[in-house]
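Visitor: mmCIF, C-alpha atoms and all ligand atoms, saved as upload.cif, coming up:
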```cif
data_target
loop_
_atom_site.label_atom_id
_atom_site.label_comp_id
_atom_site.auth_asym_id
_atom_site.auth_seq_id
_atom_site.Cartn_x
_atom_site.Cartn_y
_atom_site.Cartn_z
CA MET C 1 -2.68 -26.26 4.67
CA ILE C 2 -1.91 -25.55 1.04
CA LEU C 3 0.58 -22.69 1.09
CA PRO C 4 2.84 -20.99 -1.46
CA LYS C 5 6.60 -21.58 -1.32
CA SER C 6 7.34 -17.87 -1.40
CA ILE C 7 5.57 -14.52 -1.29
CA ASN C 8 6.34 -10.95 -2.34
CA ILE C 9 6.12 -8.19 0.20
CA VAL C 10 5.64 -4.60 -0.89
CA GLU C 11 6.74 -2.15 1.79
CA VAL C 12 4.29 0.75 2.05
CA GLY C 13 5.53 2.37 5.28
CA PRO C 14 7.08 5.41 3.60
CA ARG C 15 3.69 6.16 1.99
CA ASP C 16 0.81 4.72 4.03
CA GLY C 17 2.88 4.93 7.22
CA PHE C 18 4.22 8.44 6.93
CA GLN C 19 0.94 9.91 5.57
CA SER C 20 -0.71 9.00 8.88
CA ILE C 21 1.84 10.99 10.93
CA LYS C 22 0.80 14.61 11.53
CA LYS C 23 4.14 15.96 12.75
CA TRP C 24 6.50 16.79 9.90
CA ILE C 25 9.09 14.10 9.23
CA PRO C 26 12.17 15.77 7.73
CA THR C 27 12.94 14.60 4.18
CA ASP C 28 16.40 13.38 5.18
CA LEU C 29 14.91 11.19 7.90
CA LYS C 30 12.42 9.72 5.44
CA LEU C 31 15.28 8.98 3.04
CA GLN C 32 17.40 7.45 5.81
CA ILE C 33 14.57 5.04 6.69
CA ILE C 34 13.86 4.21 3.04
CA ASP C 35 17.57 3.48 2.47
CA LYS C 36 17.61 1.04 5.38
CA LEU C 37 14.47 -0.66 4.07
CA ILE C 38 16.04 -0.97 0.62
CA GLU C 39 18.95 -2.81 2.27
CA ALA C 40 16.41 -5.27 3.71
CA GLY C 41 15.76 -6.52 0.18
CA PHE C 42 12.33 -5.24 -0.94
CA LYS C 43 11.77 -5.44 -4.70
CA LYS C 44 9.03 -2.82 -4.60
CA MET C 45 8.29 0.02 -2.22
CA GLU C 46 5.65 2.75 -2.05
CA VAL C 47 7.95 5.64 -1.28
CA THR C 48 5.59 8.62 -1.29
CA SER C 49 2.40 10.00 -2.82
CA PHE C 50 1.77 12.82 -5.24
CA VAL C 51 -1.28 14.26 -3.54
CA SER C 52 -2.44 17.73 -2.69
CA PRO C 53 -0.24 19.21 0.07
CA LYS C 54 -3.46 20.68 1.46
CA ALA C 55 -4.89 17.17 1.82
CA ILE C 56 -1.71 15.58 3.22
CA PRO C 57 1.06 18.07 4.07
CA GLN C 58 3.40 15.20 5.06
CA MET C 59 3.74 14.21 1.39
CA LYS C 60 4.74 17.64 0.08
CA ASP C 61 8.35 16.49 -0.48
CA ALA C 62 7.30 13.73 -2.93
CA LYS C 63 9.32 15.10 -5.85
CA GLU C 64 12.51 15.46 -3.80
CA ILE C 65 12.10 11.97 -2.32
CA VAL C 66 11.74 10.36 -5.73
CA GLN C 67 14.54 12.32 -7.34
CA LYS C 68 17.02 11.61 -4.54
CA LEU C 69 16.13 7.90 -4.47
CA SER C 70 16.39 7.59 -8.23
CA GLU C 71 19.83 9.20 -8.21
CA LYS C 72 21.15 7.08 -5.37
CA HIS C 73 19.69 3.71 -6.29
CA GLN C 74 19.60 3.78 -10.07
CA ASN C 75 21.47 0.48 -10.39
CA LYS C 76 19.44 -1.41 -7.81
CA GLU C 77 16.66 -3.82 -8.65
CA ILE C 78 13.88 -2.03 -6.83
CA VAL C 79 10.72 -0.40 -8.11
CA PHE C 80 9.87 2.90 -6.49
CA ASN C 81 6.11 3.24 -6.59
CA ALA C 82 4.13 6.37 -5.70
CA LEU C 83 0.45 6.68 -4.96
CA VAL C 84 -1.51 9.16 -7.04
CA PRO C 85 -5.16 10.20 -6.74
CA ASN C 86 -5.63 11.95 -10.09
CA LEU C 87 -4.12 12.95 -13.43
CA TYR C 88 -2.32 15.91 -11.88
CA GLY C 89 -0.57 13.55 -9.47
CA ALA C 90 0.31 11.08 -12.21
CA LYS C 91 1.87 13.83 -14.29
CA ALA C 92 3.91 15.12 -11.35
CA ALA C 93 5.00 11.57 -10.47
CA TYR C 94 6.01 10.81 -14.06
CA GLU C 95 8.00 14.03 -14.38
CA SER C 96 9.88 13.16 -11.18
CA GLY C 97 10.94 9.82 -12.66
CA ILE C 98 8.26 7.47 -11.33
CA ARG C 99 7.37 4.64 -13.74
CA GLU C 100 4.90 2.77 -11.55
CA ILE C 101 1.97 4.28 -9.70
CA THR C 102 -0.64 3.11 -7.27
CA TYR C 103 -3.92 4.65 -8.37
CA VAL C 104 -6.51 4.53 -5.64
CA ILE C 105 -10.28 4.43 -6.09
CA SER C 106 -12.60 3.41 -3.27
CA THR C 107 -15.31 0.85 -3.87
CA SER C 108 -17.64 2.84 -1.65
CA VAL C 109 -18.89 6.11 -3.10
CA SER C 110 -18.63 8.11 0.14
CA HIS C 111 -15.04 7.14 0.91
CA ASN C 112 -13.95 7.97 -2.62
CA LYS C 113 -15.56 11.40 -2.20
CA ALA C 114 -13.91 11.93 1.19
CA ASN C 115 -10.52 10.70 0.03
CA VAL C 116 -10.09 12.10 -3.46
CA ARG C 117 -13.13 14.38 -3.81
CA ARG C 118 -14.41 12.61 -6.88
CA THR C 119 -17.15 10.22 -7.87
CA ARG C 120 -15.86 6.77 -8.76
CA GLU C 121 -16.75 7.46 -12.41
CA GLU C 122 -14.67 10.65 -12.37
CA SER C 123 -11.77 8.73 -10.86
CA PHE C 124 -12.00 6.08 -13.61
CA GLU C 125 -12.15 8.78 -16.30
CA GLU C 126 -8.88 10.23 -15.02
CA LEU C 127 -7.35 6.77 -14.82
CA ALA C 128 -8.22 6.16 -18.47
CA LYS C 129 -6.55 9.48 -19.37
CA ILE C 130 -3.43 8.51 -17.41
CA LYS C 131 -3.25 5.19 -19.27
CA GLU C 132 -3.61 7.01 -22.59
CA ILE C 133 -1.09 9.77 -21.93
CA PHE C 134 1.64 7.80 -20.11
CA SER C 135 1.83 4.57 -22.04
CA ASP C 136 5.00 3.32 -20.30
CA LEU C 137 3.68 3.99 -16.80
CA LYS C 138 2.81 0.81 -14.96
CA ILE C 139 -0.46 1.05 -13.03
CA LYS C 140 -1.23 -0.79 -9.83
CA PHE C 141 -4.91 -0.23 -9.19
CA ALA C 142 -5.64 -0.05 -5.47
CA VAL C 143 -9.27 -1.02 -5.01
CA ALA C 144 -9.98 0.57 -1.65
CA THR C 145 -12.66 -0.15 0.99
CA VAL C 146 -13.28 -3.63 -0.47
CA PHE C 147 -14.17 -5.15 2.89
CA GLY C 148 -15.99 -2.26 4.52
CA CYS C 149 -16.40 1.51 4.42
CA PRO C 150 -16.13 3.87 7.40
CA TYR C 151 -19.18 5.78 6.14
CA GLU C 152 -21.36 3.13 4.49
CA GLY C 153 -20.48 -0.03 6.37
CA GLU C 154 -20.93 -3.17 4.28
CA VAL C 155 -19.58 -3.17 0.72
CA LYS C 156 -21.27 -5.46 -1.78
CA ILE C 157 -19.21 -7.93 -3.82
CA GLU C 158 -21.00 -6.76 -7.00
CA GLU C 159 -19.52 -3.32 -6.40
CA VAL C 160 -16.03 -4.80 -6.06
CA LYS C 161 -16.52 -6.75 -9.30
CA TRP C 162 -17.65 -3.55 -11.02
CA MET C 163 -14.46 -1.85 -9.85
CA VAL C 164 -12.24 -4.68 -11.08
CA GLN C 165 -14.02 -4.87 -14.44
CA ASN C 166 -13.49 -1.13 -14.95
CA GLY C 167 -9.79 -1.61 -14.17
CA ILE C 168 -9.62 -4.41 -16.75
CA ASN C 169 -11.37 -2.27 -19.36
CA ILE C 170 -8.88 0.53 -18.83
CA GLY C 171 -5.94 -1.89 -18.95
CA VAL C 172 -4.30 -1.53 -15.54
CA ASP C 173 -1.36 -3.82 -14.83
CA GLU C 174 -2.02 -4.99 -11.27
CA PHE C 175 -4.91 -5.18 -8.84
CA CYS C 176 -4.55 -4.72 -5.11
CA LEU C 177 -7.54 -5.25 -2.82
CA ALA C 178 -7.40 -2.97 0.20
CA ASP C 179 -8.98 -3.37 3.60
CA THR C 180 -8.57 0.36 4.13
CA ILE C 181 -9.97 0.43 7.66
CA GLY C 182 -9.03 -3.05 8.90
CA VAL C 183 -12.49 -4.57 9.31
CA ALA C 184 -12.12 -7.75 7.27
CA ASN C 185 -12.26 -11.12 9.01
CA PRO C 186 -10.82 -14.38 7.65
CA LEU C 187 -14.16 -15.79 6.48
CA GLN C 188 -14.89 -12.59 4.59
CA ILE C 189 -11.42 -12.65 3.03
CA GLU C 190 -12.07 -16.20 1.82
CA LYS C 191 -15.52 -15.39 0.43
CA VAL C 192 -14.33 -12.32 -1.45
CA LEU C 193 -11.21 -14.02 -2.86
CA LYS C 194 -13.10 -17.14 -3.94
CA GLU C 195 -15.71 -15.03 -5.71
CA LEU C 196 -13.17 -12.77 -7.41
CA ASN C 197 -10.82 -15.62 -8.36
CA ALA C 198 -13.74 -17.46 -9.93
CA THR C 199 -14.88 -14.40 -11.88
CA PHE C 200 -11.47 -13.02 -12.87
CA LYS C 201 -9.42 -16.15 -13.46
CA ASP C 202 -6.39 -14.41 -14.98
CA ILE C 203 -5.85 -11.85 -12.24
CA ALA C 204 -3.44 -12.41 -9.36
CA PHE C 205 -4.90 -10.14 -6.70
CA SER C 206 -2.60 -8.71 -4.06
CA LEU C 207 -3.79 -7.65 -0.62
CA HIS C 208 -3.32 -4.49 1.39
CA LEU C 209 -4.40 -5.15 4.95
CA HIS C 210 -4.77 -2.94 7.99
CA ASP C 211 -4.67 -4.40 11.47
CA THR C 212 -7.11 -2.03 13.18
CA ARG C 213 -9.00 -4.83 14.91
CA GLY C 214 -6.17 -7.36 15.23
CA MET C 215 -7.32 -9.58 12.36
CA GLY C 216 -4.52 -8.69 9.93
CA LEU C 217 -2.30 -11.77 10.16
CA ALA C 218 -5.27 -14.13 10.45
CA ASN C 219 -6.44 -12.61 7.18
CA VAL C 220 -3.01 -13.25 5.66
CA ILE C 221 -3.27 -16.96 6.51
CA THR C 222 -6.65 -17.19 4.82
CA ALA C 223 -5.40 -15.25 1.80
CA LEU C 224 -2.35 -17.52 1.45
CA GLN C 225 -4.70 -20.49 1.22
CA ASN C 226 -6.70 -18.71 -1.45
CA GLY C 227 -3.86 -18.04 -3.84
CA VAL C 228 -2.59 -14.62 -2.76
CA THR C 229 1.19 -14.33 -3.03
CA THR C 230 1.73 -10.57 -2.80
CA PHE C 231 1.05 -8.60 0.36
CA GLU C 232 1.53 -4.98 1.29
CA SER C 233 2.71 -4.11 4.79
CA ALA C 234 4.36 -1.27 6.69
CA VAL C 235 7.38 -1.33 8.95
CA GLY C 236 6.42 -0.91 12.60
CA GLY C 237 2.75 -1.33 11.72
CA LEU C 238 2.56 2.34 10.78
CA GLY C 239 -0.23 3.45 8.49
CA GLY C 240 -3.75 4.67 8.11
CA CYS C 241 -5.82 6.78 5.78
CA PRO C 242 -6.39 10.28 7.21
CA PHE C 243 -9.77 10.33 5.42
CA ALA C 244 -11.06 7.11 6.96
CA PRO C 245 -12.21 7.69 10.53
CA GLY C 246 -11.06 4.91 12.86
CA ALA C 247 -8.45 3.49 10.50
CA ALA C 248 -5.20 2.34 12.10
CA GLY C 249 -1.92 0.85 10.98
CA ASN C 250 -1.09 -1.63 8.24
CA ILE C 251 -0.02 -5.12 9.18
CA ALA C 252 3.57 -4.78 10.39
CA THR C 253 6.17 -5.91 7.86
CA GLU C 254 8.33 -7.54 10.52
CA ASP C 255 5.39 -9.51 11.95
CA LEU C 256 4.45 -10.69 8.45
CA VAL C 257 8.01 -11.71 7.54
CA ASN C 258 8.50 -13.48 10.86
CA MET C 259 5.22 -15.39 10.62
CA VAL C 260 5.55 -16.64 7.07
CA GLU C 261 9.27 -17.44 7.30
CA ASN C 262 8.49 -19.56 10.37
CA MET C 263 5.97 -21.39 8.22
CA GLY C 264 8.64 -22.13 5.62
CA ILE C 265 7.46 -19.48 3.15
CA LYS C 266 10.32 -17.47 1.64
CA THR C 267 10.24 -13.68 1.46
CA ASP C 268 13.86 -12.73 0.62
CA ILE C 269 13.50 -9.98 3.22
CA ASN C 270 16.20 -9.59 5.86
CA LEU C 271 14.28 -9.36 9.13
CA ASP C 272 17.19 -7.89 11.11
CA LYS C 273 17.51 -5.08 8.61
CA VAL C 274 13.78 -4.30 8.81
CA LEU C 275 14.03 -4.28 12.59
CA SER C 276 17.02 -1.93 12.47
CA VAL C 277 14.56 0.81 11.50
CA ILE C 278 12.37 0.34 14.57
CA PRO C 279 14.51 2.28 17.10
CA ILE C 280 14.66 5.23 14.68
CA ILE C 281 10.88 5.20 14.22
CA LYS C 282 10.27 4.92 17.97
CA GLU C 283 12.65 7.75 18.77
CA LYS C 284 11.84 10.17 15.99
CA ILE C 285 8.40 9.40 14.57
CA LYS C 286 6.08 7.34 16.77
CA PRO C 287 7.07 6.17 20.24
CA VAL C 288 4.48 3.40 20.57
CA LEU C 289 3.95 0.98 17.69
CA THR C 290 1.37 -1.72 16.99
CA SER C 291 4.02 -4.14 15.72
CA HIS C 292 4.53 -7.22 17.88
CA LEU C 293 8.08 -8.06 16.86
CA ALA C 294 9.20 -4.53 17.66
CA TYR C 295 8.71 -5.45 21.33
CA VAL C 296 10.08 -9.00 21.38
CA ASP C 297 13.27 -9.60 23.35
CA ARG C 298 15.42 -10.80 20.47
CA THR C 299 17.95 -12.54 22.67
CA CYS C 300 15.22 -15.18 22.97
CA LYS C 301 15.68 -17.23 19.81
CA VAL C 302 12.53 -19.31 20.09
CA GLY C 303 9.99 -18.48 17.41
CA GLU C 304 12.36 -16.72 15.05
N1 LIG O 401 -0.83 16.89 -6.14
C1 LIG O 401 -0.61 18.17 -5.80
N2 LIG O 401 -1.49 19.17 -5.99
C2 LIG O 401 -2.65 18.82 -6.57
C3 LIG O 401 -2.94 17.52 -6.94
C4 LIG O 401 -1.98 16.53 -6.71
N3 LIG O 401 -2.18 15.25 -7.03
N4 LIG O 401 -4.17 17.49 -7.48
C5 LIG O 401 -4.65 18.74 -7.44
N5 LIG O 401 -3.74 19.55 -6.89
C6 LIG O 401 -3.85 20.98 -6.65
C7 LIG O 401 -4.44 21.74 -7.82
O1 LIG O 401 -3.43 22.19 -8.69
C8 LIG O 401 -5.09 22.90 -7.12
O2 LIG O 401 -4.10 23.85 -6.75
P1 LIG O 401 -4.46 25.39 -6.56
O3 LIG O 401 -5.47 25.45 -5.46
O4 LIG O 401 -3.15 26.00 -6.23
O5 LIG O 401 -5.01 25.80 -7.89
C9 LIG O 401 -5.62 22.30 -5.84
O6 LIG O 401 -4.82 21.16 -5.60
C10 LIG O 401 -7.09 21.93 -5.92
O7 LIG O 401 -7.29 21.10 -7.06
P2 LIG O 401 -8.55 20.11 -7.16
O8 LIG O 401 -8.46 19.28 -8.38
O9 LIG O 401 -9.79 20.95 -6.99
O10 LIG O 401 -8.34 19.17 -5.96
P3 LIG O 401 -9.20 18.96 -4.69
O11 LIG O 401 -9.00 20.11 -3.75
O12 LIG O 401 -10.60 18.57 -5.06
O13 LIG O 401 -8.47 17.69 -4.06
C11 LIG O 401 -7.19 15.70 -4.46
C12 LIG O 401 -8.45 16.48 -4.78
C13 LIG O 401 -7.33 14.35 -5.08
C14 LIG O 401 -6.01 16.42 -5.04
C15 LIG O 401 -7.03 15.63 -2.93
O14 LIG O 401 -8.24 15.24 -2.37
C16 LIG O 401 -5.95 14.67 -2.53
O15 LIG O 401 -4.79 14.92 -2.71
N6 LIG O 401 -6.32 13.52 -1.94
C17 LIG O 401 -5.38 12.51 -1.56
C18 LIG O 401 -5.86 11.78 -0.36
C19 LIG O 401 -4.86 10.76 0.09
O16 LIG O 401 -3.69 10.80 -0.17
N7 LIG O 401 -5.36 9.77 0.84
C20 LIG O 401 -4.58 8.74 1.40
C21 LIG O 401 -4.10 7.74 0.44
S1 LIG O 401 -5.35 6.61 -0.05
ZN ZN O 402 -3.64 1.58 3.60
#
```
How does this structure look as C-alpha cells?
Guide:
Amino acid sequence: MILPKSINIVEVGPRDGFQSIKKWIPTDLKLQIIDKLIEAGFKKMEVTSFVSPKAIPQMKDAKEIVQKLSEKHQNKEIVFNALVPNLYGAKAAYESGIREITYVISTSVSHNKANVRRTREESFEELAKIKEIFSDLKIKFAVATVFGCPYEGEVKIEEVKWMVQNGINIGVDEFCLADTIGVANPLQIEKVLKELNATFKDIAFSLHLHDTRGMGLANVITALQNGVTTFESAVGGLGGCPFAPGAAGNIATEDLVNMVENMGIKTDINLDKVLSVIPIIKEKIKPVLTSHLAYVDRTCKVGE
C-alpha cells in the first residue's frame, strides 16, 4: 500500500453532528465539548453554521459560539470554520469574527433545492459575491452529494467536474468532496478521485464521508491510496444533513484516528482526549452512537 506519512483531520461534530440533533443542546454544553476537542489537538474545526434558524434551530446560537470561542482561544493555533449557505450567512459569520467558511453547494439539483432553496447557479452567484465582498475570508467549497443524491440517485462525474470548475473560476481556496448520504463504495471513491485528480492536477481534494452504510473507513483506505490527506469526521460518529432523507452520521473521529495511527499514519490528535467527550455526548446528547471505539473496553490494549 502506498500511504501518506500523516493526515489532517478536520473535526465537524459541532456543526454536522449537532445540526442533526433535534433536542436543543445548551450553548454552554456545546462550548464545553468544543473546548475538550480543542485540547485534543485539531488544527481546524467546524464549530457551527450560520443558517436560517427556521431551517436548523439547533444552530441559532452561532454568533455566541463563535464570539465566545474567539475570546477564549485567541492565542491558539486553531481555525474556527463555520458553514454558510448564502451571502446572508457569510456576512453574519464574518461579523462574528469568522475568517474561514465552508460554503456548501450540492452537485445534484434537487438536493441543493431541498438544502439551501436555491438552484446551483444561484448558489454560485452568491459565492462569487462573497468572494468579492470579503476578500480576506478563506473559502472551503463543500461539493455535496458527489457520490449520490437522496432524490436523484446516481450523480454523474461531469456534474462534479462542472462544480469544481465553477469553484476554480470563482477562486475558492479549498475543495472538499462530500458523500452527504454515505452511499459511496471504495471502487467509486477510487474512480471519482482518479478522474478528478487527472483533470484538476493542482487541487488537493479533501473528503467528507458519512458512514450510513458502514463503508466509511473502507472509503478512507481507498482515498489514502489516491492522494487524499485531509479528512473530515465527527466525534462519536454524530452527523447527518436534516435535508437528506436517510442520511446518518459522519465517520467517527476516534475510529479514524485509531485506524490510521495503527497503520503508522500520524494525525497529531490525542485519542484519549477525543474519547473524553464520549461520556458527555452519551449522557447529554445521544445515548447510542455509531462509533466503534466509543464501545471498546479500553483496558484491553490490543489494537490501540
Ligand atoms: N442565517 C440566518 N437567517 C437567514 C439566513 C442565514 N444564513 N439566510 C436567510 N435568512 C433569513 C432571512 O433574513 C429571512 O428572514 P425573515 O423571514 O425574518 O425576513 C428568512 O431567513 C428567509 O430568507 P430566504 O433568503 O428566503 O431564505 P429561505 O427561507 O429560502 O432559506 C436558507 C434559505 C439557505 C437560509 C435556508 O434554506 C438554510 O438556512 N439552509 C441551511 C440548510 C443546512 O444547514 N443544511 C445542513 C448543512 S449542509
Ligand atoms: Zn456531512
Visitor: Neighbours of Ile101 (chain C) within 8 Å (only C-alpha atoms; same-chain residues fewer than 3 positions away dropped), as a PyMOL selection string?
Guide: chain C and resi 81-84+90+93+98+137-140
Visitor: Suppose you want the space between CA of Ser276 (chain C) and CA of Asn8 (chain C); what is it in Å?
Guide: 20.4 Å
Visitor: Determine, using only C-alpha atoms and all ligand atoms, which residues of chain C have any atom at most 9 Å from an atom of ligand LIG 401 (chain O), and tabulate each with its shortest atom pair and distance in Å to one decimal place, rows ordered by chain and then rising number, as a Markdown table.
Guide:
```
| residue | atom | partner | partner_atom | distance |
| --- | --- | --- | --- | --- |
| C:Arg15 | CA | O:LIG401 | C21 | 8.1 |
| C:Asp16 | CA | O:LIG401 | C21 | 6.8 |
| C:Gln19 | CA | O:LIG401 | C20 | 7.0 |
| C:Ser20 | CA | O:LIG401 | C20 | 8.4 |
| C:Ser49 | CA | O:LIG401 | O16 | 6.7 |
| C:Phe50 | CA | O:LIG401 | N1 | 4.9 |
| C:Val51 | CA | O:LIG401 | O15 | 3.7 |
| C:Ser52 | CA | O:LIG401 | C1 | 3.6 |
| C:Pro53 | CA | O:LIG401 | C1 | 6.0 |
| C:Lys54 | CA | O:LIG401 | O6 | 7.2 |
| C:Ala55 | CA | O:LIG401 | O15 | 5.1 |
| C:Ile56 | CA | O:LIG401 | O16 | 6.2 |
| C:Met59 | CA | O:LIG401 | O16 | 8.3 |
| C:Lys60 | CA | O:LIG401 | C1 | 8.0 |
| C:Leu83 | CA | O:LIG401 | C21 | 7.1 |
| C:Val84 | CA | O:LIG401 | N3 | 6.1 |
| C:Pro85 | CA | O:LIG401 | C13 | 5.0 |
| C:Asn86 | CA | O:LIG401 | N3 | 5.7 |
| C:Leu87 | CA | O:LIG401 | N3 | 7.1 |
| C:Tyr88 | CA | O:LIG401 | N3 | 4.9 |
| C:Gly89 | CA | O:LIG401 | N3 | 3.4 |
| C:Ala90 | CA | O:LIG401 | N3 | 7.1 |
| C:Lys91 | CA | O:LIG401 | N3 | 8.4 |
| C:Ala92 | CA | O:LIG401 | N1 | 7.3 |
| C:Ala93 | CA | O:LIG401 | N3 | 8.8 |
| C:Tyr103 | CA | O:LIG401 | S1 | 8.7 |
| C:Val104 | CA | O:LIG401 | S1 | 6.1 |
| C:Ile105 | CA | O:LIG401 | S1 | 8.1 |
| C:Ser106 | CA | O:LIG401 | S1 | 8.6 |
| C:Lys113 | CA | O:LIG401 | O14 | 8.3 |
| C:Ala114 | CA | O:LIG401 | O14 | 7.5 |
| C:Asn115 | CA | O:LIG401 | C18 | 4.8 |
| C:Val116 | CA | O:LIG401 | O14 | 3.8 |
| C:Arg117 | CA | O:LIG401 | O12 | 5.1 |
| C:Arg118 | CA | O:LIG401 | O12 | 7.3 |
| C:Ala142 | CA | O:LIG401 | S1 | 8.6 |
| C:Ala144 | CA | O:LIG401 | S1 | 7.8 |
| C:Thr180 | CA | O:LIG401 | S1 | 8.2 |
| C:Gly240 | CA | O:LIG401 | C20 | 7.9 |
| C:Cys241 | CA | O:LIG401 | C20 | 5.0 |
| C:Pro242 | CA | O:LIG401 | C20 | 6.3 |
| C:Phe243 | CA | O:LIG401 | N7 | 6.4 |
| C:Ala244 | CA | O:LIG401 | C20 | 8.7 |
```
Visitor: At a cut-off of 9 Å and counting all atoms listed in the file, what residues surround ligand ZN 402 (chain O)? Please answer as a PyMOL selection string.
Guide: chain C and resi 12+15-17+144+178-182+208-210+232-233+239-241+247-250
Visitor: Using all atoms listed in the file, which residues sit within 8 Å of Val257 (chain C) once same-chain residues fewer than 3 positions away are excluded, as JSON, numbers by chain?
Guide: {"C": [253, 254, 260, 261, 267, 269, 271]}
Visitor: Within 9 Å of Lys30 (chain C), counting only C-alpha atoms, which residues show up once you throw out same-chain ones fewer than 4 positions away? Write them as a VMD selection string, please.
Guide: chain C and resid 14 18 25 to 26 34 to 35 65
Visitor: So, with all atoms listed in the file as the atoms that count, which of C:Pro4, C:Pro57, C:Gly264, C:Gly13 lies closest to Val228 (chain C)?
Guide: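 Result for the nearest residue to Val228 (chain C): C:Pro4.
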Visitor: Excluding Val164 (chain C) and any residue of its chain fewer than 6 positions from it, enumerate the residues within 10 Å of it, using only C-alpha atoms, and give them as a ChimeraX atom specification.
Guide: /C:107,141-143,158,170,172,175-177,196,200,203
Visitor: So, with all atoms listed in the file as the atoms that count, which of C:Asp61, C:Met1, C:Ser6, C:Ala40 lies closest to Thr27 (chain C)?
Guide: C:Asp61
Visitor: Tell me which of C:Phe42, C:Tyr151, C:Tyr295, C:Phe80 sits closest to Gly236 (chain C), counting all atoms listed in the file.
Guide: C:Tyr295
Visitor: I'd like the contact shell of Met215 (chain C) - 9 Å cut-off, all atoms listed in the file, skipping same-chain residues fewer than 5 positions apart - returned as a ChimeraX atom specification.
Guide: /C:182-186,210,220
Visitor: Considering only C-alpha atoms, state which residue in the set C:Asn219, C:Gln67, C:Gln188, C:Asn226 is at the smallest distance from Ser96 (chain C).
Guide: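 Looking at the shortest contact to Ser96 (chain C), the residue is C:Gln67.
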Visitor: As an exercise, work out the distance from CA of Ser123 (chain C) to CA of Asn169 (chain C) in Å and give it to one decimal place.
Guide: 13.9 Å
